$ cat target_36.pdb   # PDB, C-alpha atoms, pLDDT in the B column
ATOM      1  CA  MET A 151      77.428 113.026 130.832  1.00 44.00           C
ATOM      2  CA  ASP A 152      79.528 116.057 129.940  1.00 46.00           C
ATOM      3  CA  ASP A 153      79.939 116.838 126.258  1.00 66.00           C
ATOM      4  CA  ASP A 154      83.707 116.767 126.619  1.00 86.00           C
ATOM      5  CA  ARG A 155      83.837 113.295 128.229  1.00 88.00           C
ATOM      6  CA  VAL A 156      82.856 109.803 127.135  1.00 88.00           C
ATOM      7  CA  GLU A 157      82.000 106.871 129.366  1.00 88.00           C
ATOM      8  CA  TYR A 158      83.573 103.537 128.533  1.00 87.00           C
ATOM      9  CA  SER A 159      83.983 100.250 130.390  1.00 87.00           C
ATOM     10  CA  CYS A 160      87.453  98.971 131.186  1.00 85.00           C
ATOM     11  CA  ALA A 161      88.528  96.002 129.041  1.00 83.00           C
ATOM     12  CA  ARG A 162      90.000  94.296 132.131  1.00 82.00           C
ATOM     13  CA  CYS A 163      87.645  94.886 135.086  1.00 87.00           C
ATOM     14  CA  GLY A 164      84.522  96.322 133.451  1.00 85.00           C
ATOM     15  CA  ALA A 165      84.467  99.505 135.556  1.00 90.00           C
ATOM     16  CA  THR A 166      82.922 102.519 133.825  1.00 91.00           C
ATOM     17  CA  ASN A 167      85.440 105.296 133.229  1.00 91.00           C
ATOM     18  CA  ARG A 168      84.717 108.912 132.268  1.00 91.00           C
ATOM     19  CA  ILE A 169      87.430 109.855 129.805  1.00 90.00           C
ATOM     20  CA  PRO A 170      88.012 113.388 128.516  1.00 90.00           C
ATOM     21  CA  ARG A 171      87.392 113.267 124.766  1.00 86.00           C
ATOM     22  CA  ASN A 172      90.736 114.959 124.056  1.00 88.00           C
ATOM     23  CA  ARG A 173      92.552 112.188 126.017  1.00 85.00           C
ATOM     24  CA  LEU A 174      90.967 109.166 124.279  1.00 84.00           C
ATOM     25  CA  ARG A 175      94.058 108.464 122.160  1.00 82.00           C
ATOM     26  CA  ASP A 176      96.442 108.778 125.147  1.00 85.00           C
ATOM     27  CA  ASP A 177      95.856 105.170 126.313  1.00 84.00           C
ATOM     28  CA  PRO A 178      93.754 106.129 129.368  1.00 90.00           C
ATOM     29  CA  ARG A 179      94.030 104.084 132.573  1.00 90.00           C
ATOM     30  CA  CYS A 180      91.121 102.644 134.525  1.00 89.00           C
ATOM     31  CA  GLY A 181      90.316 104.406 137.785  1.00 90.00           C
ATOM     32  CA  ARG A 182      89.643 101.079 139.517  1.00 93.00           C
ATOM     33  CA  CYS A 183      92.273  98.581 138.295  1.00 92.00           C
ATOM     34  CA  LYS A 184      94.845 101.078 136.879  1.00 91.00           C
ATOM     35  CA  GLN A 185      95.179  99.013 133.654  1.00 88.00           C
ATOM     36  CA  SER A 186      94.587 100.357 130.137  1.00 87.00           C
ATOM     37  CA  VAL A 187      90.902 101.023 129.504  1.00 88.00           C
ATOM     38  CA  PHE A 188      91.274  99.821 125.906  1.00 88.00           C
ATOM     39  CA  PRO A 189      92.437  96.255 125.181  1.00 87.00           C
ATOM     40  CA  ASP A 190      95.847  95.333 123.778  1.00 90.00           C
ATOM     41  CA  GLN A 191      94.560  92.130 122.182  1.00 93.00           C
ATOM     42  CA  PRO A 192      91.650  91.215 119.919  1.00 95.00           C
ATOM     43  CA  VAL A 193      88.279  91.067 121.677  1.00 93.00           C
ATOM     44  CA  ALA A 194      85.567  88.563 120.751  1.00 94.00           C
ATOM     45  CA  ALA A 195      82.192  90.082 119.853  1.00 94.00           C
ATOM     46  CA  THR A 196      78.803  88.463 119.290  1.00 95.00           C
ATOM     47  CA  ASP A 197      75.490  89.498 117.801  1.00 95.00           C
ATOM     48  CA  ALA A 198      74.492  90.461 121.359  1.00 94.00           C
ATOM     49  CA  THR A 199      77.635  92.476 122.196  1.00 92.00           C
ATOM     50  CA  TRP A 200      78.170  94.137 118.782  1.00 95.00           C
ATOM     51  CA  LYS A 201      76.752  97.530 119.783  1.00 93.00           C
ATOM     52  CA  ARG A 202      78.799  97.714 123.002  1.00 90.00           C
ATOM     53  CA  GLU A 203      82.053  96.385 121.524  1.00 92.00           C
ATOM     54  CA  VAL A 204      81.966  98.207 118.169  1.00 95.00           C
ATOM     55  CA  GLU A 205      79.370 100.952 117.781  1.00 94.00           C
ATOM     56  CA  ASP A 206      79.723 102.385 121.308  1.00 92.00           C
ATOM     57  CA  CYS A 207      83.538 102.341 121.273  1.00 92.00           C
ATOM     58  CA  PRO A 208      84.989 105.885 121.287  1.00 91.00           C
ATOM     59  CA  ILE A 209      88.091 104.887 119.287  1.00 92.00           C
ATOM     60  CA  PRO A 210      88.186 103.290 115.815  1.00 95.00           C
ATOM     61  CA  VAL A 211      87.467  99.544 115.676  1.00 96.00           C
ATOM     62  CA  LEU A 212      88.814  97.014 113.181  1.00 97.00           C
ATOM     63  CA  VAL A 213      86.444  94.040 112.965  1.00 98.00           C
ATOM     64  CA  ASP A 214      87.708  90.681 111.742  1.00 98.00           C
ATOM     65  CA  PHE A 215      84.849  88.544 110.415  1.00 98.00           C
ATOM     66  CA  TRP A 216      86.239  85.001 110.622  1.00 97.00           C
ATOM     67  CA  ALA A 217      85.503  81.315 111.274  1.00 97.00           C
ATOM     68  CA  PRO A 218      87.649  78.694 113.050  1.00 96.00           C
ATOM     69  CA  TRP A 219      87.699  76.364 110.011  1.00 97.00           C
ATOM     70  CA  CYS A 220      89.026  79.112 107.688  1.00 96.00           C
ATOM     71  CA  GLY A 221      92.769  78.766 106.931  1.00 96.00           C
ATOM     72  CA  PRO A 222      93.267  82.363 105.713  1.00 96.00           C
ATOM     73  CA  CYS A 223      91.454  83.592 108.860  1.00 96.00           C
ATOM     74  CA  ARG A 224      93.932  81.701 111.028  1.00 95.00           C
ATOM     75  CA  ALA A 225      96.809  83.042 108.893  1.00 95.00           C
ATOM     76  CA  VAL A 226      95.861  86.702 109.487  1.00 96.00           C
ATOM     77  CA  ALA A 227      95.291  86.248 113.259  1.00 96.00           C
ATOM     78  CA  PRO A 228      98.946  86.842 114.320  1.00 96.00           C
ATOM     79  CA  ALA A 229      99.075  90.122 112.335  1.00 96.00           C
ATOM     80  CA  LEU A 230      95.860  91.258 114.056  1.00 97.00           C
ATOM     81  CA  GLU A 231      97.243  90.351 117.489  1.00 96.00           C
ATOM     82  CA  GLN A 232     100.426  92.308 116.732  1.00 97.00           C
ATOM     83  CA  ALA A 233      98.419  95.309 115.479  1.00 96.00           C
ATOM     84  CA  ALA A 234      96.316  95.244 118.672  1.00 95.00           C
ATOM     85  CA  LYS A 235      99.480  95.504 120.787  1.00 94.00           C
ATOM     86  CA  GLU A 236     101.120  98.173 118.602  1.00 94.00           C
ATOM     87  CA  ARG A 237      97.988 100.354 118.366  1.00 93.00           C
ATOM     88  CA  LYS A 238      96.690  99.899 121.921  1.00 88.00           C
ATOM     89  CA  GLY A 239      94.605 102.880 122.936  1.00 86.00           C
ATOM     90  CA  LYS A 240      94.307 104.105 119.339  1.00 90.00           C
ATOM     91  CA  LEU A 241      92.547 101.145 117.673  1.00 94.00           C
ATOM     92  CA  LYS A 242      90.444  98.322 119.073  1.00 95.00           C
ATOM     93  CA  ILE A 243      90.446  94.991 117.249  1.00 96.00           C
ATOM     94  CA  VAL A 244      87.320  92.855 117.463  1.00 97.00           C
ATOM     95  CA  LYS A 245      86.828  89.327 116.130  1.00 97.00           C
ATOM     96  CA  LEU A 246      83.374  88.106 115.141  1.00 97.00           C
ATOM     97  CA  ASN A 247      82.847  84.403 114.379  1.00 97.00           C
ATOM     98  CA  VAL A 248      80.447  84.417 111.390  1.00 97.00           C
ATOM     99  CA  ASP A 249      79.213  80.859 112.071  1.00 97.00           C
ATOM    100  CA  GLU A 250      78.067  81.764 115.587  1.00 97.00           C
ATOM    101  CA  ASN A 251      76.895  85.318 114.761  1.00 96.00           C
ATOM    102  CA  PRO A 252      75.109  85.305 111.411  1.00 95.00           C
ATOM    103  CA  ARG A 253      72.975  88.393 112.110  1.00 96.00           C
ATOM    104  CA  VAL A 254      75.835  90.910 112.312  1.00 95.00           C
ATOM    105  CA  ALA A 255      77.677  89.217 109.437  1.00 95.00           C
ATOM    106  CA  ALA A 256      74.549  89.557 107.271  1.00 96.00           C
ATOM    107  CA  LEU A 257      73.967  93.178 108.308  1.00 95.00           C
ATOM    108  CA  ASN A 258      77.525  93.958 107.211  1.00 95.00           C
ATOM    109  CA  GLN A 259      77.070  92.022 103.958  1.00 95.00           C
ATOM    110  CA  VAL A 260      80.008  89.726 104.682  1.00 95.00           C
ATOM    111  CA  GLN A 261      80.109  87.178 101.858  1.00 94.00           C
ATOM    112  CA  SER A 262      83.660  85.895 102.153  1.00 95.00           C
ATOM    113  CA  ILE A 263      86.043  85.510 105.061  1.00 96.00           C
ATOM    114  CA  PRO A 264      88.237  86.877 106.324  1.00 97.00           C
ATOM    115  CA  THR A 265      86.656  90.285 105.852  1.00 97.00           C
ATOM    116  CA  LEU A 266      87.999  93.259 107.776  1.00 97.00           C
ATOM    117  CA  ILE A 267      85.779  96.268 108.392  1.00 97.00           C
ATOM    118  CA  LEU A 268      86.966  99.490 109.984  1.00 97.00           C
ATOM    119  CA  GLN A 269      84.444 101.580 111.907  1.00 96.00           C
ATOM    120  CA  ARG A 270      84.425 104.673 114.081  1.00 94.00           C
ATOM    121  CA  GLY A 271      81.378 104.262 116.292  1.00 91.00           C
ATOM    122  CA  PRO A 272      78.494 103.284 114.020  1.00 92.00           C
ATOM    123  CA  LEU A 273      80.184 104.901 110.991  1.00 94.00           C
ATOM    124  CA  PHE A 274      81.670 102.611 108.355  1.00 94.00           C
ATOM    125  CA  LEU A 275      85.170 103.705 107.268  1.00 96.00           C
ATOM    126  CA  GLY A 276      86.545 100.920 105.081  1.00 96.00           C
ATOM    127  CA  ARG A 277      86.477  97.251 104.135  1.00 96.00           C
ATOM    128  CA  VAL A 278      88.898  94.702 102.730  1.00 96.00           C
ATOM    129  CA  ALA A 279      88.394  90.990 102.030  1.00 94.00           C
ATOM    130  CA  GLY A 280      91.108  88.376 102.257  1.00 94.00           C
ATOM    131  CA  ALA A 281      94.072  87.667 104.496  1.00 93.00           C
ATOM    132  CA  LEU A 282      96.442  90.626 104.434  1.00 93.00           C
ATOM    133  CA  PRO A 283     100.118  90.394 105.314  1.00 94.00           C
ATOM    134  CA  LYS A 284     101.079  92.729 108.167  1.00 95.00           C
ATOM    135  CA  PRO A 285     102.447  95.568 105.942  1.00 96.00           C
ATOM    136  CA  GLU A 286      99.224  95.627 103.888  1.00 96.00           C
ATOM    137  CA  LEU A 287      97.123  95.462 107.056  1.00 96.00           C
ATOM    138  CA  ASP A 288      99.023  98.459 108.457  1.00 96.00           C
ATOM    139  CA  ALA A 289      98.549 100.372 105.188  1.00 96.00           C
ATOM    140  CA  PHE A 290      94.792  99.658 105.230  1.00 96.00           C
ATOM    141  CA  ILE A 291      94.490 100.893 108.834  1.00 96.00           C
ATOM    142  CA  ASP A 292      96.675 103.955 108.191  1.00 95.00           C
ATOM    143  CA  ARG A 293      94.440 104.975 105.284  1.00 94.00           C
ATOM    144  CA  TYR A 294      91.568 105.594 107.715  1.00 89.00           C
ATOM    145  CA  VAL A 295      93.000 106.009 111.214  1.00 85.00           C
TER     146      VAL A 295
END
$ encode --input "target_36.pdb" --output "structure tokens"
Amino acid sequence: MDDDRVEYSCARCGATNRIPRNRLRDDPRCGRCKQSVFPDQPVAATDATWKREVEDCPIPVLVDFWAPWCGPCRAVAPALEQAAKERKGKLKIVKLNVDENPRVAALNQVQSIPTLILQRGPLFLGRVAGALPKPELDAFIDRYV
């Protein structure tokens, strides 16, 4: 792989795309299906897919550690869906169910939900616990991205 390109799988069709590093934030299109390479909605991750979905992603990733029984988690979901649409191609939003994926939740020392963690590749950027209203969510993201 060239130093000035990254390889990343399309969110829609799974095809591997070679994207020039300087074009990552330009919402690149897939060579096969012509859709956006990066998703415009939250993506579910698991213990098994964590590395691919979060650590290998060439753009920043906001991870929502949540559970289906958690009221505040459900309350913040619409703001996360809106942020995914608004920041498509610049930020990927990933949801990780802590009940089904205890290993990654433990590795990230998640003790209360919802917890939001912002990462760029394997690098930790920031963390916030609790359900944030959309303006506070945007401010948290803007602090790091």
$ residues_around --input "target_36.pdb" --residues "stretch 211-216 of chain A" --least-positions-apart "5" --cutoff "7 Å" --atoms "all atoms listed in the file" --output "list in words"
Val204, Cys223, Leu241, Lys242, Ile243, Val244, Lys245, Leu246, Asn247, Val248, Ile263, Pro264, Thr265, Leu266, Ile267, Leu268, Gln269 and Arg270 of chain A
$ resolve_selection --input "target_36.pdb" --expression "the PyMOL selection byres ((chain A and resi 159) around 10)" --output "list of chain:residue names"
A:Glu157, A:Tyr158, A:Cys160, A:Ala161, A:Arg162, A:Cys163, A:Gly164, A:Ala165, A:Thr166, A:Asn167, A:Arg168, A:Cys180, A:Val187, A:Phe188, A:Arg202, A:Glu203, A:Cys207
$ write_last_selection --input "target_36.pdb" --atoms "C-alpha atoms" --output "PDB file, in the frame of the given file"
ATOM      1  CA  GLU A 157      82.000 106.871 129.366  1.00 88.00           C
ATOM      2  CA  TYR A 158      83.573 103.537 128.533  1.00 87.00           C
ATOM      3  CA  CYS A 160      87.453  98.971 131.186  1.00 85.00           C
ATOM      4  CA  ALA A 161      88.528  96.002 129.041  1.00 83.00           C
ATOM      5  CA  ARG A 162      90.000  94.296 132.131  1.00 82.00           C
ATOM      6  CA  CYS A 163      87.645  94.886 135.086  1.00 87.00           C
ATOM      7  CA  GLY A 164      84.522  96.322 133.451  1.00 85.00           C
ATOM      8  CA  ALA A 165      84.467  99.505 135.556  1.00 90.00           C
ATOM      9  CA  THR A 166      82.922 102.519 133.825  1.00 91.00           C
ATOM     10  CA  ASN A 167      85.440 105.296 133.229  1.00 91.00           C
ATOM     11  CA  ARG A 168      84.717 108.912 132.268  1.00 91.00           C
ATOM     12  CA  CYS A 180      91.121 102.644 134.525  1.00 89.00           C
ATOM     13  CA  VAL A 187      90.902 101.023 129.504  1.00 88.00           C
ATOM     14  CA  PHE A 188      91.274  99.821 125.906  1.00 88.00           C
ATOM     15  CA  ARG A 202      78.799  97.714 123.002  1.00 90.00           C
ATOM     16  CA  GLU A 203      82.053  96.385 121.524  1.00 92.00           C
ATOM     17  CA  CYS A 207      83.538 102.341 121.273  1.00 92.00           C
TER      18      CYS A 207
END
$ atom_distance --input "target_36.pdb" --atom1 "atom CA of A:Ile209" --atom2 "atom CA of A:Leu174"
7.2 Å
$ atom_distance --input "target_36.pdb" --atom1 "atom CA of A:Arg155" --atom2 "atom CA of A:Gly181"
14.6 Å
$ atom_distance --input "target_36.pdb" --atom1 "atom CA of A:Gln259" --atom2 "atom CA of A:Pro222"
18.9 Å
$ closest_residue --input "target_36.pdb" --among "A:Gly280, A:Pro170, A:Pro252, A:Pro178" --to "A:Trp200" --atoms "all atoms listed in the file"
A:Pro252
$ residues_around --input "target_36.pdb" --residues "A:Leu287" --least-positions-apart "3" --cutoff "10 Å" --atoms "all atoms listed in the file" --output "ChimeraX atom specification"
/A:226,229-230,233,266,278,281-284,290-292
$ closest_residue --input "target_36.pdb" --among "A:Pro192, A:Tyr294, A:Lys238, A:Ala279" --to "A:Arg179" --atoms "all atoms listed in the file"
A:Lys238
$ closest_residue --input "target_36.pdb" --among "A:Val254, A:Ala234, A:Ala225, A:Val156" --to "A:Pro189" --atoms "all atoms listed in the file"
A:Ala234
$ axis_aligned_box --input "target_36.pdb" --around "stretch 253-269 of chain A" --padding-each-side "3 Å" --output "lines of an AutoDock Vina configuration file"
center_x = 80.6
center_y = 93.5
center_z = 107.1
size_x = 21.3
size_y = 22.1
size_z = 16.5
$ residues_around --input "target_36.pdb" --residues "A:Asp154" --least-positions-apart "4" --cutoff "9 Å" --atoms "only C-alpha atoms" --output "short mmCIF file (atom, residue, chain, number, x, y, z; two decimals) with C-alpha atoms, in the coordinates of the input"
data_model
loop_
_atom_site.label_atom_id
_atom_site.label_comp_id
_atom_site.auth_asym_id
_atom_site.auth_seq_id
_atom_site.Cartn_x
_atom_site.Cartn_y
_atom_site.Cartn_z
CA ILE A 169 87.43 109.86 129.80
CA PRO A 170 88.01 113.39 128.52
CA ARG A 171 87.39 113.27 124.77
CA ASN A 172 90.74 114.96 124.06
#
$ closest_residue --input "target_36.pdb" --among "A:Gln191, A:Pro208, A:Asp197, A:Leu275" --to "A:Ala256" --atoms "only C-alpha atoms"
A:Asp197
$ closest_residue --input "target_36.pdb" --among "A:Arg253, A:Arg224, A:Lys184, A:Lys201" --to "A:Pro272" --atoms "only C-alpha atoms"
A:Lys201
